[in-house]
>>> print(open('input.cif').read())   # mmCIF, C-alpha atoms
data_target
loop_
_atom_site.label_atom_id
_atom_site.label_comp_id
_atom_site.auth_asym_id
_atom_site.auth_seq_id
_atom_site.Cartn_x
_atom_site.Cartn_y
_atom_site.Cartn_z
CA MET M 1 0.00 0.00 0.00
CA ARG M 2 1.34 3.43 -0.90
CA SER M 3 -0.02 6.62 0.55
CA LEU M 4 2.69 8.79 -1.02
CA PRO M 5 3.32 8.82 -4.76
CA HIS M 6 6.99 9.57 -4.11
CA ASP M 7 9.72 7.79 -2.21
CA PRO M 8 9.76 9.48 1.23
CA ARG M 9 13.55 9.24 1.37
CA LYS M 10 13.78 11.10 -1.90
CA LEU M 11 11.43 13.78 -0.58
CA ALA M 12 13.51 14.02 2.59
CA ALA M 13 16.68 14.43 0.52
CA ILE M 14 15.03 17.20 -1.49
CA TYR M 15 13.82 18.81 1.74
CA GLY M 16 17.31 18.72 3.21
CA GLY M 17 18.84 20.28 0.13
CA GLY M 18 16.10 22.89 0.17
CA VAL M 19 17.00 23.91 3.71
CA VAL M 20 20.61 24.47 2.66
CA GLY M 21 19.76 26.32 -0.54
CA ALA M 22 17.25 28.59 1.18
CA LEU M 23 19.57 29.54 4.03
CA VAL M 24 22.44 30.37 1.67
CA ARG M 25 20.28 32.42 -0.69
CA VAL M 26 18.43 34.37 2.00
CA GLY M 27 21.64 34.77 3.98
CA LEU M 28 23.37 36.38 1.02
CA ALA M 29 20.32 38.50 0.22
CA GLU M 30 20.20 39.83 3.75
CA ALA M 31 23.93 40.56 3.71
CA GLY M 32 23.78 42.42 0.42
CA SER M 33 20.33 43.90 -0.06
CA THR M 34 19.98 46.30 -2.98
CA GLY M 35 17.57 49.01 -4.06
CA PRO M 36 15.60 49.12 -7.32
CA GLY M 37 18.28 51.13 -9.12
CA GLN M 38 21.08 48.73 -8.23
CA TRP M 39 22.25 45.44 -9.68
CA PRO M 40 20.86 42.66 -7.45
CA TRP M 41 24.23 41.03 -6.78
CA ALA M 42 23.02 38.50 -4.24
CA THR M 43 20.28 37.06 -6.45
CA PHE M 44 22.52 37.18 -9.50
CA ALA M 45 25.32 35.36 -7.68
CA VAL M 46 23.17 32.51 -6.37
CA ASN M 47 21.43 32.06 -9.70
CA VAL M 48 24.65 31.86 -11.68
CA ALA M 49 26.40 29.69 -9.08
CA GLY M 50 23.41 27.38 -8.93
CA ALA M 51 23.36 27.09 -12.72
CA LEU M 52 27.07 26.20 -12.73
CA LEU M 53 26.56 23.55 -10.07
CA LEU M 54 23.47 22.11 -11.73
CA GLY M 55 25.30 21.85 -15.04
CA TYR M 56 28.05 19.90 -13.34
CA LEU M 57 25.58 17.63 -11.54
CA PHE M 58 23.55 17.10 -14.70
CA ALA M 59 26.64 15.80 -16.49
CA LEU M 60 27.80 13.83 -13.45
CA PHE M 61 24.57 11.98 -12.84
CA ARG M 62 23.84 11.47 -16.51
CA GLU M 63 26.91 9.32 -16.87
CA HIS M 64 26.49 7.71 -13.47
CA PRO M 65 22.77 7.02 -12.88
CA PRO M 66 22.11 7.59 -9.20
CA GLU M 67 21.03 4.84 -6.86
CA SER M 68 21.69 7.14 -3.94
CA LEU M 69 19.84 10.24 -2.81
CA SER M 70 22.66 12.54 -3.87
CA HIS M 71 20.93 13.77 -6.99
CA PRO M 72 17.65 14.86 -5.39
CA PHE M 73 19.59 16.39 -2.48
CA LEU M 74 22.09 18.29 -4.59
CA ALA M 75 20.15 19.10 -7.75
CA THR M 76 16.47 19.48 -6.87
CA GLY M 77 17.27 20.33 -3.28
CA ILE M 78 20.26 22.63 -3.25
CA CYS M 79 20.46 23.99 -6.80
CA GLY M 80 16.70 24.23 -7.23
CA THR M 81 16.34 26.15 -3.99
CA LEU M 82 19.55 28.16 -4.03
CA THR M 83 18.39 29.68 -7.29
CA THR M 84 15.19 31.63 -7.65
CA PHE M 85 12.92 32.83 -10.43
CA SER M 86 10.37 34.80 -8.43
CA THR M 87 12.87 37.05 -6.66
CA MET M 88 14.45 37.92 -10.00
CA GLN M 89 11.02 38.79 -11.43
CA LEU M 90 10.22 40.98 -8.43
CA GLU M 91 13.54 42.76 -8.85
CA LEU M 92 12.73 43.33 -12.54
CA TYR M 93 9.31 44.65 -11.59
CA ARG M 94 10.78 47.09 -9.06
CA MET M 95 13.33 48.28 -11.64
CA VAL M 96 10.63 48.92 -14.23
CA ASP M 97 8.36 50.52 -11.64
CA GLY M 98 11.24 52.75 -10.57
CA GLY M 99 11.97 53.78 -14.13
CA TYR M 100 15.22 51.82 -14.46
CA LEU M 101 14.27 50.26 -17.79
CA GLY M 102 17.79 49.84 -19.16
CA LEU M 103 18.90 48.18 -15.95
CA ALA M 104 15.91 45.83 -16.08
CA ALA M 105 16.64 44.81 -19.66
CA ALA M 106 20.31 44.28 -18.86
CA TYR M 107 19.57 42.34 -15.70
CA ALA M 108 17.15 39.99 -17.45
CA ALA M 109 19.43 39.41 -20.42
CA VAL M 110 22.65 39.01 -18.46
CA THR M 111 21.09 36.68 -15.90
CA ILE M 112 19.75 34.38 -18.58
CA VAL M 113 22.88 34.43 -20.74
CA ALA M 114 25.23 34.04 -17.77
CA GLY M 115 23.05 31.31 -16.33
CA TYR M 116 23.16 29.40 -19.59
CA LEU M 117 26.91 29.90 -20.07
CA PHE M 118 27.73 28.82 -16.51
CA LEU M 119 25.44 25.80 -16.87
CA ARG M 120 27.38 24.80 -19.99
CA LEU M 121 30.63 25.48 -18.15
CA GLY M 122 29.51 23.16 -15.39
CA ILE M 123 28.83 20.42 -17.91
CA GLU M 124 32.23 20.93 -19.55
CA LEU M 125 33.99 20.89 -16.18
CA GLU M 126 32.50 17.50 -15.42
CA ARG M 127 33.35 16.16 -18.87
CA SER M 128 36.95 17.33 -18.50
CA ARG M 129 37.22 15.02 -15.49
CA GLN M 130 36.51 11.97 -17.64
CA PRO M 131 40.11 11.06 -18.60
CA GLU M 132 40.91 11.05 -14.85
CA ALA M 133 37.88 8.95 -13.99
CA ALA M 134 38.81 6.33 -16.59
CA LYS M 135 42.21 5.69 -15.00
CA MET D 1 16.68 38.56 11.45
CA THR D 2 16.03 36.59 14.58
CA THR D 3 17.06 32.99 15.12
CA PRO D 4 13.46 31.76 14.86
CA GLY D 5 13.31 33.68 11.60
CA TRP D 6 16.30 31.79 10.20
CA VAL D 7 14.82 28.50 11.41
CA ALA D 8 11.62 29.40 9.60
CA VAL D 9 13.56 30.18 6.43
CA GLY D 10 15.18 26.78 6.53
CA LEU D 11 12.02 24.84 7.33
CA LEU D 12 9.97 26.70 4.72
CA GLY D 13 12.74 26.36 2.17
CA GLY D 14 12.81 22.60 2.49
CA ALA D 15 9.05 22.35 2.24
CA ALA D 16 8.99 24.64 -0.79
CA ALA D 17 11.60 22.50 -2.55
CA ALA D 18 9.61 19.34 -1.90
CA ALA D 19 6.43 21.04 -3.09
CA ARG D 20 8.16 22.22 -6.26
CA PHE D 21 9.30 18.68 -6.99
CA ALA D 22 5.89 17.14 -6.31
CA ILE D 23 3.94 19.66 -8.37
CA ASP D 24 6.39 19.46 -11.28
CA ALA D 25 6.26 15.66 -11.18
CA GLU D 26 2.47 15.63 -11.08
CA ILE D 27 2.07 18.03 -14.01
CA SER D 28 4.76 16.30 -16.04
CA ALA D 29 3.05 12.96 -15.50
CA ARG D 30 -0.29 14.30 -16.69
CA ARG D 31 0.96 16.31 -19.67
CA ASP D 32 3.37 14.42 -21.89
CA VAL D 33 4.74 17.39 -23.83
CA PRO D 34 8.36 18.45 -24.34
CA PHE D 35 7.66 21.93 -22.96
CA PRO D 36 8.59 22.05 -19.24
CA LEU D 37 5.09 22.91 -18.12
CA GLY D 38 5.56 21.84 -14.51
CA ILE D 39 8.36 24.28 -13.79
CA LEU D 40 6.50 27.00 -15.67
CA VAL D 41 3.45 26.55 -13.45
CA VAL D 42 5.63 26.56 -10.33
CA ASN D 43 7.54 29.65 -11.39
CA LEU D 44 4.49 31.62 -12.53
CA GLY D 45 2.57 30.65 -9.40
CA GLY D 46 5.46 31.79 -7.26
CA ALA D 47 5.82 35.06 -9.13
CA LEU D 48 2.12 35.77 -8.71
CA ALA D 49 2.26 34.99 -5.00
CA LEU D 50 5.36 37.12 -4.50
CA GLY D 51 3.76 40.06 -6.28
CA LEU D 52 0.73 39.65 -4.05
CA LEU D 53 2.83 39.72 -0.89
CA THR D 54 4.55 42.94 -1.89
CA GLY D 55 1.23 44.43 -3.00
CA VAL D 56 -0.24 43.92 0.46
CA ALA D 57 3.00 45.44 1.76
CA LEU D 58 4.20 42.56 3.86
CA HIS D 59 7.47 43.80 5.30
CA GLY D 60 10.30 43.18 7.70
CA GLU D 61 11.19 39.73 8.89
CA ALA D 62 7.83 38.30 7.82
CA LEU D 63 8.54 39.31 4.23
CA VAL D 64 12.03 37.83 4.30
CA VAL D 65 10.77 34.55 5.73
CA VAL D 66 7.72 34.06 3.50
CA ALA D 67 8.99 35.72 0.32
CA GLY D 68 12.63 34.70 0.56
CA GLY D 69 12.39 31.47 2.49
CA GLY D 70 9.12 30.29 1.06
CA ILE D 71 8.37 31.61 -2.39
CA GLY D 72 11.98 32.22 -3.39
CA SER D 73 12.68 28.60 -2.54
CA PHE D 74 9.63 27.34 -4.37
CA THR D 75 10.56 28.87 -7.72
CA THR D 76 13.79 27.98 -9.46
CA PHE D 77 16.18 29.47 -12.01
CA SER D 78 18.66 26.64 -12.49
CA THR D 79 16.12 23.99 -13.49
CA TRP D 80 14.51 26.46 -15.88
CA ILE D 81 17.85 27.04 -17.64
CA LEU D 82 18.75 23.35 -17.64
CA ASP D 83 15.41 22.50 -19.23
CA SER D 84 16.11 24.88 -22.11
CA HIS D 85 19.61 23.48 -22.54
CA ARG D 86 18.27 19.92 -22.70
CA LEU D 87 15.61 20.93 -25.21
CA HIS D 88 18.19 22.66 -27.37
CA ALA D 89 20.54 19.67 -27.15
CA ALA D 90 17.66 17.40 -28.19
CA GLY D 91 17.09 19.44 -31.32
CA LEU D 92 14.08 21.31 -29.95
CA ALA D 93 15.61 24.78 -30.13
CA ARG D 94 12.33 26.55 -30.74
CA ILE D 95 10.78 25.10 -27.59
CA ALA D 96 13.98 25.93 -25.72
CA TRP D 97 13.61 29.57 -26.68
CA LEU D 98 9.89 29.51 -26.02
CA ASN D 99 10.59 28.28 -22.51
CA ILE D 100 12.82 31.29 -21.88
CA ALA D 101 10.61 33.88 -23.51
CA VAL D 102 7.27 32.71 -22.13
CA SER D 103 8.60 32.31 -18.60
CA LEU D 104 10.27 35.71 -18.63
CA VAL D 105 7.31 37.64 -20.01
CA ALA D 106 4.56 35.73 -18.20
CA GLY D 107 6.60 35.77 -15.00
CA PHE D 108 6.89 39.54 -15.10
CA ALA D 109 3.17 39.83 -15.85
CA ALA D 110 2.44 37.50 -12.92
CA VAL D 111 4.41 39.66 -10.47
CA ALA D 112 2.73 42.81 -11.78
CA LEU D 113 -0.72 41.23 -11.59
CA GLY D 114 -0.04 39.89 -8.11
CA HIS D 115 1.19 43.27 -6.93
CA TRP D 116 -1.88 45.01 -8.32
CA LEU D 117 -4.18 42.43 -6.73
CA GLY D 118 -2.41 42.99 -3.43
CA THR D 119 -2.93 46.72 -3.55
CA VAL D 120 -6.67 46.47 -4.23
CA LEU D 121 -7.30 43.82 -1.57
#
>>> encode(input="input.cif", output="structure tokens")
Amino acid sequence: MRSLPHDPRKLAAIYGGGVVGALVRVGLAEAGSTGPGQWPWATFAVNVAGALLLGYLFALFREHPPESLSHPFLATGICGTLTTFSTMQLELYRMVDGGYLGLAAAYAAVTIVAGYLFLRLGIELERSRQPEAAK
Amino acid sequence: MTTPGWVAVGLLGGAAAAARFAIDAEISARRDVPFPLGILVVNLGGALALGLLTGVALHGEALVVVAGGGIGSFTTFSTWILDSHRLHAAGLARIAWLNIAVSLVAGFAAVALGHWLGTVL
């Protein structure tokens, strides 16, 4: 009999990673809060770092299918929670509302491009380990 | 931020991550399309909720805990980007771009709508 559609250990791993990701992101945001006319460094940093890490994990677990709970903990848990979409959108809204249209356009574009590039970098970093792993 | 506040951030963050996973899994299971609909729903829902919170002028530690710890944890940037990369790598470049464009535009609209709703409530 199953009352949960998902493995409770997997959910617990995701929960644990979520705790870590949330504390790091909010911790950084509190340490470096910015106004609507400023570049949101804290959100930008966690989003780009999370994309880098997720790229690495994506490549890592693709070649080594996980039996363990590492993937849900690290990827869905930490990366998924360290990074945020809603906070970025609110920051964009406040920029536009404050009249900082150029900043908003730059922030949106740079976040997405940097996120994508760092994700790809993460994948490449994992792939560059392969000759070592084969030894 | 008080210590109970940080505890709340952590506890909410974990719950939000689990909720994101469960909702994404449920939507993905019901809609077998290449477009990452589950994450879109999660992200748009979060953006709407966050706009609402700021519209009703939640502030201080309560805002940090609920908006940062809760909603910020619920939505995700990294998975969104990874989804587009995987689509592009699978030869579905148009859907990859659509994922970016739709999320960005609809997400902004969701925050704006939420904020407006919050101010009139």
>>> resolve_selection(input="input.cif", expression="the PyMOL selection byres ((chain M) within 7 of (chain D))", output="list in words")
Leu11, Ile14, Tyr15, Gly16, Gly17, Gly18, Val19, Ala22, Leu23, Val26, Asn47, Gly50, Ala51, Leu54, Gly77, Cys79, Gly80, Thr81, Thr83, Thr84, Phe85, Ser86, Thr87, Gln89, Leu90, Tyr93, Gly115 and Tyr116 of chain M
>>> axis_aligned_box(input="input.cif", around="segment 47-55 of chain D", padding_each_side="4 Å", output="AutoDock Vina command-line options")
--center_x 3.3 --center_y 39.7 --center_z -5.0 --size_x 13.1 --size_y 17.4 --size_z 16.2
>>> resolve_selection(input="input.cif", expression="the PyMOL selection byres ((chain M and resi 126) around 8)", output="PDB file with C-alpha atoms, keeping the file's coordinate frame")
ATOM      1  CA  TYR M  56      28.050  19.900 -13.340  1.00  0.00           C
ATOM      2  CA  LEU M  57      25.580  17.630 -11.540  1.00  0.00           C
ATOM      3  CA  ALA M  59      26.640  15.800 -16.490  1.00  0.00           C
ATOM      4  CA  LEU M  60      27.800  13.830 -13.450  1.00  0.00           C
ATOM      5  CA  GLY M 122      29.510  23.160 -15.390  1.00  0.00           C
ATOM      6  CA  ILE M 123      28.830  20.420 -17.910  1.00  0.00           C
ATOM      7  CA  GLU M 124      32.230  20.930 -19.550  1.00  0.00           C
ATOM      8  CA  LEU M 125      33.990  20.890 -16.180  1.00  0.00           C
ATOM      9  CA  ARG M 127      33.350  16.160 -18.870  1.00  0.00           C
ATOM     10  CA  SER M 128      36.950  17.330 -18.500  1.00  0.00           C
ATOM     11  CA  ARG M 129      37.220  15.020 -15.490  1.00  0.00           C
ATOM     12  CA  GLN M 130      36.510  11.970 -17.640  1.00  0.00           C
TER      13      GLN M 130
END
>>> atom_distance(input="input.cif", atom1="atom CA of Gly60 of chain D", atom2="atom CA of Gly5 of chain D")
10.7 Å
>>> resolve_selection(input="input.cif", expression="the PyMOL selection byres ((chain D and resi 29-38) around 8)", output="list in words")
Ile23, Asp24, Ala25, Glu26, Ile27, Ser28, Ile39, Leu40, Val41, Val42, Asp83, Leu87, Ile95, Ala96 and Asn99 of chain D
>>> atom_distance(input="input.cif", atom1="atom CA of Val24 of chain M", atom2="atom CA of Phe44 of chain M")
13.1 Å
>>> closest_residue(input="input.cif", among="M:Pro36, M:Leu53, M:Ala42, M:Val20", to="Ala104 of chain M", atoms="all atoms listed in the file")
M:Pro36
>>> atom_distance(input="input.cif", atom1="atom CA of Thr34 of chain M", atom2="atom CA of Glu91 of chain M")
9.4 Å
>>> residues_near_point(input="input.cif", point="(-1.8, 46.1, -1.7)", cutoff="8 Å", atoms="all atoms listed in the file", output="PyMOL selection string")
chain D and resi 52-57+115-121
>>> write_last_selection(input="input.cif", atoms="C-alpha atoms", output="mmCIF file, in the coordinates of the input")
data_model
loop_
_atom_site.group_PDB
_atom_site.id
_atom_site.type_symbol
_atom_site.label_atom_id
_atom_site.label_comp_id
_atom_site.auth_asym_id
_atom_site.auth_seq_id
_atom_site.Cartn_x
_atom_site.Cartn_y
_atom_site.Cartn_z
ATOM 1 C CA LEU D 52 0.730 39.650 -4.050
ATOM 2 C CA LEU D 53 2.830 39.720 -0.890
ATOM 3 C CA THR D 54 4.550 42.940 -1.890
ATOM 4 C CA GLY D 55 1.230 44.430 -3.000
ATOM 5 C CA VAL D 56 -0.240 43.920 0.460
ATOM 6 C CA ALA D 57 3.000 45.440 1.760
ATOM 7 C CA HIS D 115 1.190 43.270 -6.930
ATOM 8 C CA TRP D 116 -1.880 45.010 -8.320
ATOM 9 C CA LEU D 117 -4.180 42.430 -6.730
ATOM 10 C CA GLY D 118 -2.410 42.990 -3.430
ATOM 11 C CA THR D 119 -2.930 46.720 -3.550
ATOM 12 C CA VAL D 120 -6.670 46.470 -4.230
ATOM 13 C CA LEU D 121 -7.300 43.820 -1.570
#
>>> decode(input="input.cif", residues="segment 76-97 of chain D", atoms="N, CA and C atoms", output="short mmCIF file (atom, residue, chain, number, x, y, z; two decimals), in the first residue's frame")
data_model
loop_
_atom_site.label_atom_id
_atom_site.label_comp_id
_atom_site.auth_asym_id
_atom_site.auth_seq_id
_atom_site.Cartn_x
_atom_site.Cartn_y
_atom_site.Cartn_z
N THR D 76 12.41 28.34 -9.18
CA THR D 76 13.79 27.98 -9.46
C THR D 76 14.28 28.58 -10.77
N PHE D 77 15.53 28.94 -10.81
CA PHE D 77 16.18 29.47 -12.01
C PHE D 77 16.99 28.38 -12.70
N SER D 78 17.73 27.60 -11.92
CA SER D 78 18.66 26.64 -12.49
C SER D 78 17.95 25.56 -13.30
N THR D 79 16.87 25.03 -12.78
CA THR D 79 16.12 23.99 -13.49
C THR D 79 15.53 24.55 -14.78
N TRP D 80 15.06 25.78 -14.72
CA TRP D 80 14.51 26.46 -15.88
C TRP D 80 15.55 26.54 -16.99
N ILE D 81 16.77 26.93 -16.66
CA ILE D 81 17.85 27.04 -17.64
C ILE D 81 18.27 25.66 -18.14
N LEU D 82 18.38 24.70 -17.24
CA LEU D 82 18.75 23.35 -17.64
C LEU D 82 17.73 22.76 -18.61
N ASP D 83 16.46 23.00 -18.35
CA ASP D 83 15.41 22.50 -19.23
C ASP D 83 15.60 23.03 -20.65
N SER D 84 15.90 24.31 -20.78
CA SER D 84 16.11 24.88 -22.11
C SER D 84 17.37 24.31 -22.76
N HIS D 85 18.40 24.08 -21.98
CA HIS D 85 19.61 23.48 -22.54
C HIS D 85 19.31 22.08 -23.08
N ARG D 86 18.58 21.30 -22.30
CA ARG D 86 18.27 19.92 -22.70
C ARG D 86 17.39 19.90 -23.96
N LEU D 87 16.45 20.83 -24.02
CA LEU D 87 15.61 20.93 -25.21
C LEU D 87 16.45 21.28 -26.43
N HIS D 88 17.33 22.23 -26.27
CA HIS D 88 18.19 22.66 -27.37
C HIS D 88 19.09 21.51 -27.82
N ALA D 89 19.65 20.80 -26.85
CA ALA D 89 20.54 19.67 -27.15
C ALA D 89 19.79 18.53 -27.84
N ALA D 90 18.48 18.45 -27.58
CA ALA D 90 17.66 17.40 -28.19
C ALA D 90 17.11 17.82 -29.54
N GLY D 91 17.54 18.97 -30.02
CA GLY D 91 17.09 19.44 -31.32
C GLY D 91 15.78 20.22 -31.29
N LEU D 92 15.33 20.56 -30.09
CA LEU D 92 14.08 21.31 -29.95
C LEU D 92 14.38 22.76 -29.58
N ALA D 93 15.15 23.42 -30.43
CA ALA D 93 15.61 24.78 -30.13
C ALA D 93 14.46 25.76 -29.97
N ARG D 94 13.43 25.60 -30.80
CA ARG D 94 12.33 26.55 -30.74
C ARG D 94 11.61 26.47 -29.39
N ILE D 95 11.43 25.25 -28.90
CA ILE D 95 10.78 25.10 -27.59
C ILE D 95 11.71 25.60 -26.49
N ALA D 96 13.01 25.43 -26.70
CA ALA D 96 13.98 25.93 -25.72
C ALA D 96 13.85 27.44 -25.57
N TRP D 97 13.77 28.12 -26.70
CA TRP D 97 13.61 29.57 -26.68
C TRP D 97 12.26 29.99 -26.14
#
